[in-house]
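File shown here: target-v3.txt, holding compact mmCIF, C-alpha atoms.
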```txt
# COMPACT_ATOMS: atom_id res chain seq x y z
CA MET C 1 -30.43 -25.98 18.45
CA ARG C 2 -26.92 -26.65 19.72
CA LEU C 3 -26.37 -29.19 16.93
CA VAL C 4 -27.38 -26.61 14.33
CA VAL C 5 -24.95 -24.04 15.77
CA GLU C 6 -22.11 -26.57 15.99
CA SER C 7 -22.79 -27.71 12.42
CA TYR C 8 -22.80 -24.11 11.20
CA PHE C 9 -19.40 -23.41 12.75
CA ALA C 10 -18.00 -26.72 11.48
CA LEU C 11 -19.17 -25.71 8.00
CA LEU C 12 -17.55 -22.27 8.43
CA LYS C 13 -14.25 -23.89 9.40
CA LEU C 14 -14.42 -26.20 6.37
CA LEU C 15 -15.20 -23.25 4.10
CA ILE C 16 -12.27 -21.29 5.57
CA ALA C 17 -9.94 -24.24 4.91
CA LEU C 18 -11.21 -24.53 1.32
CA LEU C 19 -10.75 -20.79 0.73
CA LEU C 20 -7.20 -20.97 2.07
CA ALA C 21 -6.43 -24.00 -0.07
CA GLY C 22 -7.87 -22.23 -3.11
CA MET C 23 -5.71 -19.19 -2.43
CA VAL C 24 -2.58 -21.32 -2.14
CA VAL C 25 -3.32 -23.18 -5.36
CA LEU C 26 -4.13 -20.00 -7.29
CA VAL C 27 -1.13 -17.99 -6.10
CA PHE C 28 1.38 -20.85 -6.27
CA GLY C 29 0.07 -21.96 -9.64
CA ASN C 30 0.33 -18.44 -10.99
CA VAL C 31 3.91 -18.08 -9.72
CA VAL C 32 4.92 -21.36 -11.36
CA LEU C 33 3.22 -20.41 -14.61
CA ARG C 34 4.89 -16.99 -14.69
CA TYR C 35 8.41 -18.16 -13.93
CA ALA C 36 8.38 -21.52 -15.73
CA PHE C 37 6.20 -20.79 -18.75
CA ASN C 38 6.23 -16.99 -18.95
CA GLN C 39 2.45 -16.74 -18.72
CA GLY C 40 -0.08 -16.54 -15.91
CA LEU C 41 -3.70 -16.82 -14.99
CA THR C 42 -5.43 -13.48 -15.25
CA ALA C 43 -8.09 -14.56 -12.76
CA SER C 44 -5.63 -15.71 -10.10
CA GLU C 45 -5.04 -12.38 -8.36
CA GLU C 46 -8.69 -11.38 -8.42
CA LEU C 47 -10.01 -14.70 -7.14
CA SER C 48 -7.34 -14.99 -4.45
CA ARG C 49 -8.26 -11.47 -3.25
CA LEU C 50 -11.93 -12.46 -3.07
CA PHE C 51 -11.03 -15.69 -1.23
CA PHE C 52 -8.84 -13.73 1.20
CA VAL C 53 -11.59 -11.22 2.03
CA TRP C 54 -14.09 -14.00 2.70
CA LEU C 55 -11.53 -16.00 4.67
CA ILE C 56 -10.86 -13.02 6.97
CA PHE C 57 -14.51 -12.21 7.63
CA LEU C 58 -15.55 -15.83 8.18
CA GLY C 59 -12.50 -16.41 10.37
CA ALA C 60 -13.46 -13.39 12.45
CA VAL C 61 -16.86 -14.98 13.14
CA VAL C 62 -15.22 -18.21 14.29
CA ALA C 63 -12.71 -16.29 16.42
CA LEU C 64 -15.52 -14.25 18.00
CA ARG C 65 -17.35 -17.40 19.01
CA GLU C 66 -14.19 -19.03 20.37
CA ARG C 67 -13.16 -15.82 22.13
CA GLY C 68 -9.98 -15.71 20.09
CA HIS C 69 -9.84 -11.98 19.44
CA ILE C 70 -7.21 -9.88 21.14
CA GLY C 71 -8.41 -8.05 24.22
CA VAL C 72 -7.05 -6.10 27.15
CA ASP C 73 -8.56 -7.34 30.36
CA THR C 74 -6.25 -5.75 32.94
CA LEU C 75 -8.87 -3.25 34.14
CA LEU C 76 -11.69 -5.78 33.95
CA ARG C 77 -9.86 -8.18 36.25
CA ARG C 78 -9.44 -5.48 38.92
CA LEU C 79 -13.05 -4.30 38.94
CA PRO C 80 -15.71 -5.69 41.26
CA ARG C 81 -18.13 -8.06 39.57
CA PRO C 82 -20.98 -5.52 39.04
CA ALA C 83 -18.61 -2.98 37.48
CA ALA C 84 -17.04 -5.67 35.30
CA LYS C 85 -20.50 -6.71 34.11
CA ALA C 86 -21.33 -3.06 33.33
CA CYS C 87 -18.10 -2.70 31.33
CA LEU C 88 -18.86 -5.89 29.41
CA ALA C 89 -22.40 -4.67 28.69
CA LEU C 90 -21.07 -1.34 27.44
CA SER C 91 -18.44 -2.99 25.25
CA GLY C 92 -21.09 -5.37 23.87
CA ALA C 93 -23.38 -2.44 23.04
CA LEU C 94 -20.52 -0.60 21.32
CA ALA C 95 -19.62 -3.75 19.39
CA LEU C 96 -23.24 -4.07 18.24
CA LEU C 97 -23.17 -0.46 17.07
CA ALA C 98 -19.98 -1.08 15.09
CA ILE C 99 -21.46 -4.26 13.60
CA TRP C 100 -24.63 -2.38 12.65
CA LEU C 101 -22.56 0.24 10.83
CA LEU C 102 -20.60 -2.48 9.03
CA LEU C 103 -23.79 -4.31 8.07
CA LYS C 104 -25.48 -1.14 6.84
CA GLY C 105 -22.45 -0.14 4.75
CA SER C 106 -21.99 -3.66 3.37
CA VAL C 107 -25.63 -3.92 2.32
CA GLU C 108 -25.49 -0.49 0.64
CA GLN C 109 -22.24 -1.29 -1.17
CA ALA C 110 -23.49 -4.71 -2.24
CA ALA C 111 -26.63 -3.11 -3.69
CA ILE C 112 -24.59 -0.46 -5.49
CA ASN C 113 -22.15 -3.01 -6.92
CA LEU C 114 -24.64 -5.72 -7.82
CA ASP C 115 -24.42 -4.89 -11.52
CA VAL C 116 -20.67 -4.08 -11.49
CA ALA C 117 -18.55 -6.93 -12.82
CA SER C 118 -15.03 -7.65 -11.63
CA PRO C 119 -12.44 -6.83 -14.29
CA ALA C 120 -10.81 -10.23 -14.88
CA VAL C 121 -13.39 -12.84 -13.92
CA GLY C 122 -16.66 -10.96 -14.25
CA TYR C 123 -18.29 -11.97 -10.97
CA PRO C 124 -20.55 -9.31 -9.37
CA MET C 125 -18.50 -7.01 -7.13
CA ALA C 126 -21.33 -7.34 -4.61
CA LEU C 127 -19.69 -10.66 -3.65
CA MET C 128 -16.80 -8.71 -2.15
CA TYR C 129 -19.17 -6.70 0.07
CA GLY C 130 -21.25 -9.77 0.88
CA ALA C 131 -18.43 -10.87 3.18
CA GLY C 132 -19.29 -7.98 5.49
CA ILE C 133 -22.88 -9.18 5.64
CA ALA C 134 -21.74 -12.77 6.23
CA PHE C 135 -19.72 -11.50 9.21
CA ALA C 136 -22.17 -8.98 10.66
CA VAL C 137 -25.22 -11.20 11.02
CA PRO C 138 -23.67 -14.08 12.99
CA ALA C 139 -21.38 -11.71 14.93
CA ALA C 140 -24.38 -9.67 16.07
CA LEU C 141 -26.18 -12.85 17.13
CA ILE C 142 -23.14 -14.05 19.11
CA ILE C 143 -22.81 -10.73 20.91
CA LEU C 144 -26.56 -10.47 21.55
CA VAL C 145 -26.65 -13.94 23.09
CA ASP C 146 -23.64 -13.07 25.26
CA LEU C 147 -25.28 -9.81 26.37
CA ILE C 148 -28.56 -11.55 27.20
CA ARG C 149 -26.72 -14.20 29.21
CA LEU C 150 -24.78 -11.46 31.00
CA MET C 151 -27.92 -9.46 31.84
CA LEU C 152 -29.82 -12.55 33.04
CA GLY C 153 -26.90 -13.57 35.25
CA ARG C 154 -26.27 -16.78 33.31
CA ALA C 155 -22.70 -15.83 32.43
CA GLY C 156 -20.38 -17.35 35.00
CA PRO C 157 -17.34 -15.59 36.46
CA GLU C 158 -15.04 -17.36 34.00
CA GLU C 159 -16.99 -15.83 31.14
CA LEU C 160 -16.61 -12.28 32.43
CA ILE C 161 -12.98 -12.35 31.33
CA LEU C 162 -13.24 -12.78 27.59
CA VAL C 163 -9.54 -13.30 26.89
CA ARG C 164 -6.71 -15.12 28.61
CA GLU C 165 -3.09 -14.11 28.67
CA SER C 166 -0.71 -16.39 26.78
CA GLU C 167 1.06 -17.17 30.08
CA GLU C 168 -2.22 -18.46 31.47
CA LEU C 169 -2.72 -20.69 28.45
CA ALA C 170 0.81 -22.03 28.79
CA ALA C 171 0.18 -22.74 32.49
CA LEU C 172 -2.93 -24.72 31.59
CA ASP C 173 -0.97 -26.83 29.10
CA THR C 174 1.98 -27.52 31.42
CA PRO C 175 1.58 -30.56 33.70
CA ARG C 176 2.10 -29.76 37.38
CA LYS C 177 4.87 -31.36 39.36
CA GLY C 178 4.13 -32.78 42.71
```

Could you quickly redo this structure as structure tokens?
Amino acid sequence: MRLVVESYFALLKLLIALLLAGMVVLVFGNVVLRYAFNQGLTASEELSRLFFVWLIFLGAVVALRERGHIGVDTLLRRLPRPAAKACLALSGALALLAIWLLLKGSVEQAAINLDVASPAVGYPMALMYGAGIAFAVPAALIILVDLIRLMLGRAGPEELILVRESEELAALDTPRKG
């Protein structure tokens, strides 16, 4: 199972890199065409916008798994362990609610826009809303697994603090003298 999960996230990272490369090529190519040849690609702006939306949502999934999102843990660090676990459980439940709302809205918008074509390229506009679905499903699974581990007591103390201050990261990277 672990191999499947690791392969999925490796594939996501590759897809993110390809989307970013596609955006760079489209935007740079369009700039060169406009300034050097006085013409441009009509599809460039639309496709780069689609790539950007997908890049953001897929990147958010990777960041969620790697605990790369911004967080404020000042209060959490000062609470006793049971209270910290309760706060994490509450924040996980609220995150699941927000993800449910995003998923519900994305599915509804994708269904509404399934037959609507984008102006320049003609792809179904449901692709734009599909990014919300592609984020919500794995994000909900990540948070559910974390909540289950927390409730079963399998989350260690280091996992209770979901973010680390940049000073802490710098301290980990700096070799100690002595």

Best match for closeness to Ile148 of chain C among C:Asp115, C:Lys85, C:Ala126, C:Leu101, counting all atoms listed in the file: C:Lys85

From C:Leu15, C:Leu64, C:Leu147, C:Leu58, residue lying nearest Gly130 of chain C [only C-alpha atoms]: C:Leu58

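Here atom CA of Ile143 of chain C stands at a distance of 8.6 Å from atom CA of Ala93 of chain C.
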
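Using all atoms listed in the file, the smallest distance between any of C:Ile99, C:Ile16, C:Leu41, C:Ala111 and Phe28 of chain C comes from C:Leu41.
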
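For the pair atom CA of Met128 of chain C and atom CA of Arg49 of chain C, the separation is 9.0 Å.
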
What box, with edges along x, y and z, holds each listed atom of segment 62-68 of chain C when 8 Å is added on every side, and can you state its centre and edge lengths in Å to one decimal, as lines of an AutoDock Vina configuration file?
```
center_x = -13.7
center_y = -16.6
center_z = 18.2
size_x = 23.4
size_y = 20.8
size_z = 23.8
```

Exercise: Glu46 of chain C partners within 10 Å, only C-alpha atoms, chain neighbours under 5 positions left out, as number ranges by chain: C: 26, 41, 51-52, 118-123

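Across the structure, atom CA of Leu11 of chain C and atom CA of Ile142 of chain C are spaced 16.6 Å apart.
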
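With distances restricted to only C-alpha atoms, C:Leu144 is the closest residue to Gly92 of chain C from C:Leu144, C:Leu47, C:Leu127, C:Val61.
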